[in-house]
Amino acid sequence: MLSRFFKMIGRTFIASCLICLSLSTAQAQDLMIAQAANFMPAMQEILPAFEAATGIKGQAVYTSTGKLYAQIANGAPFDVFLAADQKRPDKLHAEGLASKPFIYAKGKVVLWLPRNDAQFADWQTCINSPEIQRIAVANPESAPYGTAAVAALNKAGLFDTVSPRIAYAQSIAQVFQFASSGAADAGFCALSSTLTEQGRKGTTIPVPEAPAVIQAACILTNAPNPDAAAKFVEFLATPEVAAIKAKYGYE
């Protein structure tokens, strides 16, 4: 019992240290972005391109849209919020915490399997197959891609059937981690993840029943670096960024 207690205290201490380190690193940046996890592959190319064009060094924190919204509402020192929905940026704007939102990307949900030899007629056949025992889905309460995946399952009348086999992930990026590591046999992933080097090693199956994920962004009212934030928003509208977004399946 005491051993378990001290282990718990140790983990808490380590977590606190990591948070402090993250905040000190964040303060050293010229721009801090709260970024929905689905856009990570694209953002990892956009940020170096932005620095090369402007000399402004940026850093992004990646997690679910719901978690990022909660952090911003509690005063986290971000400059720009790039969400995976319109609801949270609109809410921040209504609360006086952000400028008027704008749409920066439209994403898609797909079903992805780590095997590259998987052959199924469609995604419904796949998830009903006996070989698919665990299916990863992002938490629909905090991750819009999870909301879209659940909507597709409900539309197909399959949610109740597969519900016992669903493994919920904290973010859409973690869904891909679950599937690629073998913790799940398949995952309802963002198309962007499947267009990475690792994603191309597996099998991607379209999910037309899933609604498009409309992604909005906004500059935060209390942005520590408002000039850098404005320049970043301008950069998002350039042909260079458009090409990066298209590379990862965004419209």
# chains A, B, ... in the order shown; residues from 1 in each chain; ligands from 1
>>> closest_atom_pairs(of="range 61-113 of chain A", to="range 134-149 of chain A", cutoff="8 Å", atoms="only C-alpha atoms", output="JSON lines")
{"residue": "A:Ser64", "atom": "CA", "partner": "A:Ala143", "partner_atom": "CA", "distance": 5.2}
{"residue": "A:Thr65", "atom": "CA", "partner": "A:Ala143", "partner_atom": "CA", "distance": 5.8}
{"residue": "A:Gly66", "atom": "CA", "partner": "A:Ser142", "partner_atom": "CA", "distance": 4.2}
{"residue": "A:Lys67", "atom": "CA", "partner": "A:Ser142", "partner_atom": "CA", "distance": 6.6}
{"residue": "A:Ala84", "atom": "CA", "partner": "A:Pro144", "partner_atom": "CA", "distance": 5.9}
{"residue": "A:Asp85", "atom": "CA", "partner": "A:Pro144", "partner_atom": "CA", "distance": 6.1}
{"residue": "A:Val109", "atom": "CA", "partner": "A:Tyr145", "partner_atom": "CA", "distance": 6.6}
>>> write_last_selection(atoms="N, CA and C atoms", output="PDB file, in the first residue's frame")
ATOM      1  N   SER A  64      -6.865  17.342 -27.884  1.00  0.00           N
ATOM      2  CA  SER A  64      -8.230  17.449 -28.402  1.00  0.00           C
ATOM      3  C   SER A  64      -8.735  18.880 -28.299  1.00  0.00           C
ATOM      4  N   THR A  65      -9.661  19.223 -29.165  1.00  0.00           N
ATOM      5  CA  THR A  65     -10.235  20.569 -29.195  1.00  0.00           C
ATOM      6  C   THR A  65     -10.888  20.933 -27.868  1.00  0.00           C
ATOM      7  N   GLY A  66     -11.601  19.987 -27.273  1.00  0.00           N
ATOM      8  CA  GLY A  66     -12.263  20.257 -26.006  1.00  0.00           C
ATOM      9  C   GLY A  66     -11.282  20.586 -24.897  1.00  0.00           C
ATOM     10  N   LYS A  67     -10.180  19.863 -24.838  1.00  0.00           N
ATOM     11  CA  LYS A  67      -9.176  20.126 -23.805  1.00  0.00           C
ATOM     12  C   LYS A  67      -8.505  21.474 -24.021  1.00  0.00           C
ATOM     13  N   ALA A  84     -10.742  21.812 -34.135  1.00  0.00           N
ATOM     14  CA  ALA A  84     -11.244  20.831 -35.107  1.00  0.00           C
ATOM     15  C   ALA A  84     -12.759  20.946 -35.223  1.00  0.00           C
ATOM     16  N   ASP A  85     -13.297  22.078 -34.795  1.00  0.00           N
ATOM     17  CA  ASP A  85     -14.720  22.348 -34.983  1.00  0.00           C
ATOM     18  C   ASP A  85     -14.922  23.854 -35.074  1.00  0.00           C
ATOM     19  N   VAL A 109     -12.955  11.861 -41.851  1.00  0.00           N
ATOM     20  CA  VAL A 109     -12.735  10.665 -41.035  1.00  0.00           C
ATOM     21  C   VAL A 109     -12.640   9.453 -41.955  1.00  0.00           C
TER      22      VAL A 109
END
>>> residues_around(residues="range 36-49 of chain A", least_positions_apart="5", cutoff="7 Å", atoms="only C-alpha atoms", output="PyMOL selection string")
chain A and resi 58+62-65+82-84+171-173+190+192-193+241+244-245+248
>>> closest_residue(among="A:Ala152, A:Ala186, A:Leu113, A:Ala121", to="Lys201 in chain A", atoms="only C-alpha atoms")
A:Leu113
>>> select_by_dssp(residues="range 25-148 of chain A", states="strand (DSSP E)", output="PDB file with N, CA and C atoms, in the first residue's frame")
ATOM      1  N   LEU A  31       5.582  32.626 -30.646  1.00  0.00           N
ATOM      2  CA  LEU A  31       4.175  32.364 -30.963  1.00  0.00           C
ATOM      3  C   LEU A  31       3.781  31.022 -30.367  1.00  0.00           C
ATOM      4  N   MET A  32       2.656  30.988 -29.660  1.00  0.00           N
ATOM      5  CA  MET A  32       2.165  29.742 -29.088  1.00  0.00           C
ATOM      6  C   MET A  32       0.789  29.426 -29.679  1.00  0.00           C
ATOM      7  N   ILE A  33       0.669  28.222 -30.224  1.00  0.00           N
ATOM      8  CA  ILE A  33      -0.555  27.821 -30.914  1.00  0.00           C
ATOM      9  C   ILE A  33      -1.201  26.655 -30.185  1.00  0.00           C
ATOM     10  N   ALA A  34      -2.483  26.775 -29.933  1.00  0.00           N
ATOM     11  CA  ALA A  34      -3.281  25.665 -29.402  1.00  0.00           C
ATOM     12  C   ALA A  34      -3.858  24.940 -30.613  1.00  0.00           C
ATOM     13  N   GLN A  35      -3.381  23.741 -30.884  1.00  0.00           N
ATOM     14  CA  GLN A  35      -3.678  23.055 -32.136  1.00  0.00           C
ATOM     15  C   GLN A  35      -4.399  21.732 -31.929  1.00  0.00           C
ATOM     16  N   ALA A  36      -5.554  21.574 -32.556  1.00  0.00           N
ATOM     17  CA  ALA A  36      -6.256  20.292 -32.540  1.00  0.00           C
ATOM     18  C   ALA A  36      -5.351  19.214 -33.121  1.00  0.00           C
ATOM     19  N   GLY A  58       7.610  29.517 -33.851  1.00  0.00           N
ATOM     20  CA  GLY A  58       6.355  29.126 -33.236  1.00  0.00           C
ATOM     21  C   GLY A  58       6.406  27.733 -32.642  1.00  0.00           C
ATOM     22  N   GLN A  59       5.503  27.486 -31.719  1.00  0.00           N
ATOM     23  CA  GLN A  59       5.370  26.167 -31.100  1.00  0.00           C
ATOM     24  C   GLN A  59       3.893  25.857 -30.975  1.00  0.00           C
ATOM     25  N   ALA A  60       3.538  24.609 -31.179  1.00  0.00           N
ATOM     26  CA  ALA A  60       2.140  24.191 -31.058  1.00  0.00           C
ATOM     27  C   ALA A  60       1.999  23.150 -29.966  1.00  0.00           C
ATOM     28  N   VAL A  61       0.897  23.229 -29.236  1.00  0.00           N
ATOM     29  CA  VAL A  61       0.511  22.210 -28.263  1.00  0.00           C
ATOM     30  C   VAL A  61      -0.636  21.436 -28.881  1.00  0.00           C
ATOM     31  N   TYR A  62      -0.493  20.114 -28.988  1.00  0.00           N
ATOM     32  CA  TYR A  62      -1.461  19.279 -29.685  1.00  0.00           C
ATOM     33  C   TYR A  62      -2.267  18.429 -28.701  1.00  0.00           C
ATOM     34  N   THR A  63      -3.562  18.571 -28.728  1.00  0.00           N
ATOM     35  CA  THR A  63      -4.447  17.666 -28.000  1.00  0.00           C
ATOM     36  C   THR A  63      -5.862  17.863 -28.560  1.00  0.00           C
ATOM     37  N   VAL A  80      -2.947  31.742 -30.676  1.00  0.00           N
ATOM     38  CA  VAL A  80      -3.904  31.346 -31.715  1.00  0.00           C
ATOM     39  C   VAL A  80      -4.489  29.983 -31.350  1.00  0.00           C
ATOM     40  N   PHE A  81      -5.754  29.805 -31.648  1.00  0.00           N
ATOM     41  CA  PHE A  81      -6.439  28.527 -31.413  1.00  0.00           C
ATOM     42  C   PHE A  81      -6.890  27.982 -32.756  1.00  0.00           C
ATOM     43  N   LEU A  82      -6.372  26.822 -33.139  1.00  0.00           N
ATOM     44  CA  LEU A  82      -6.802  26.131 -34.346  1.00  0.00           C
ATOM     45  C   LEU A  82      -7.546  24.876 -33.909  1.00  0.00           C
ATOM     46  N   PHE A 102     -12.470  31.999 -38.193  1.00  0.00           N
ATOM     47  CA  PHE A 102     -12.492  31.758 -39.628  1.00  0.00           C
ATOM     48  C   PHE A 102     -12.176  30.289 -39.869  1.00  0.00           C
ATOM     49  N   ILE A 103     -12.663  29.746 -40.972  1.00  0.00           N
ATOM     50  CA  ILE A 103     -12.414  28.340 -41.311  1.00  0.00           C
ATOM     51  C   ILE A 103     -11.047  28.224 -41.978  1.00  0.00           C
ATOM     52  N   TYR A 104     -10.219  27.309 -41.476  1.00  0.00           N
ATOM     53  CA  TYR A 104      -8.880  27.134 -42.045  1.00  0.00           C
ATOM     54  C   TYR A 104      -8.692  25.770 -42.712  1.00  0.00           C
ATOM     55  N   ALA A 105      -9.607  24.813 -42.454  1.00  0.00           N
ATOM     56  CA  ALA A 105      -9.461  23.479 -43.046  1.00  0.00           C
ATOM     57  C   ALA A 105     -10.772  22.710 -42.933  1.00  0.00           C
ATOM     58  N   LYS A 106     -10.937  21.754 -43.829  1.00  0.00           N
ATOM     59  CA  LYS A 106     -12.031  20.792 -43.748  1.00  0.00           C
ATOM     60  C   LYS A 106     -11.419  19.401 -43.835  1.00  0.00           C
ATOM     61  N   GLY A 107     -11.647  18.594 -42.812  1.00  0.00           N
ATOM     62  CA  GLY A 107     -11.041  17.273 -42.747  1.00  0.00           C
ATOM     63  C   GLY A 107     -12.033  16.140 -42.915  1.00  0.00           C
ATOM     64  N   VAL A 109     -12.955  11.861 -41.851  1.00  0.00           N
ATOM     65  CA  VAL A 109     -12.735  10.665 -41.035  1.00  0.00           C
ATOM     66  C   VAL A 109     -12.640   9.453 -41.955  1.00  0.00           C
ATOM     67  N   VAL A 110     -11.681   8.588 -41.699  1.00  0.00           N
ATOM     68  CA  VAL A 110     -11.541   7.334 -42.443  1.00  0.00           C
ATOM     69  C   VAL A 110     -11.315   6.206 -41.431  1.00  0.00           C
ATOM     70  N   LEU A 111     -11.499   4.987 -41.883  1.00  0.00           N
ATOM     71  CA  LEU A 111     -11.147   3.827 -41.063  1.00  0.00           C
ATOM     72  C   LEU A 111      -9.777   3.346 -41.516  1.00  0.00           C
ATOM     73  N   TRP A 112      -8.884   3.144 -40.553  1.00  0.00           N
ATOM     74  CA  TRP A 112      -7.501   2.765 -40.892  1.00  0.00           C
ATOM     75  C   TRP A 112      -7.097   1.507 -40.139  1.00  0.00           C
ATOM     76  N   LEU A 113      -6.426   0.607 -40.870  1.00  0.00           N
ATOM     77  CA  LEU A 113      -5.895  -0.621 -40.292  1.00  0.00           C
ATOM     78  C   LEU A 113      -4.383  -0.649 -40.512  1.00  0.00           C
ATOM     79  N   ILE A 135     -11.700  -1.473 -31.729  1.00  0.00           N
ATOM     80  CA  ILE A 135     -11.821  -0.352 -32.665  1.00  0.00           C
ATOM     81  C   ILE A 135     -11.585   0.944 -31.896  1.00  0.00           C
ATOM     82  N   ALA A 136     -10.602   1.709 -32.312  1.00  0.00           N
ATOM     83  CA  ALA A 136     -10.281   2.961 -31.628  1.00  0.00           C
ATOM     84  C   ALA A 136     -11.120   4.110 -32.179  1.00  0.00           C
ATOM     85  N   VAL A 137     -11.661   4.901 -31.261  1.00  0.00           N
ATOM     86  CA  VAL A 137     -12.463   6.079 -31.610  1.00  0.00           C
ATOM     87  C   VAL A 137     -12.063   7.197 -30.649  1.00  0.00           C
ATOM     88  N   ALA A 138     -11.917   8.419 -31.170  1.00  0.00           N
ATOM     89  CA  ALA A 138     -11.613   9.552 -30.301  1.00  0.00           C
ATOM     90  C   ALA A 138     -12.835   9.888 -29.451  1.00  0.00           C
TER      91      ALA A 138
END
>>> closest_residue(among="A:Gln215, A:Asn222, A:Gln133, A:Thr196", to="Ser163 in chain A", atoms="only C-alpha atoms")
A:Gln133
>>> closest_residue(among="A:Ala98, A:Ala76, A:Ala151, A:Leu158", to="Ala212 in chain A", atoms="only C-alpha atoms")
A:Ala151
>>> residues_around(residues="Phe235 in chain A", least_positions_apart="3", cutoff="12 Å", atoms="only C-alpha atoms", output="NGL selection string")
:A and (46-54 or 56 or 104 or 228-232 or 238-242)
>>> atom_distance(atom1="CA of Arg165 in chain A", atom2="CA of Asp185 in chain A")
10.2 Å
>>> atom_distance(atom1="CA of Pro130 in chain A", atom2="CA of Glu197 in chain A")
28.1 Å
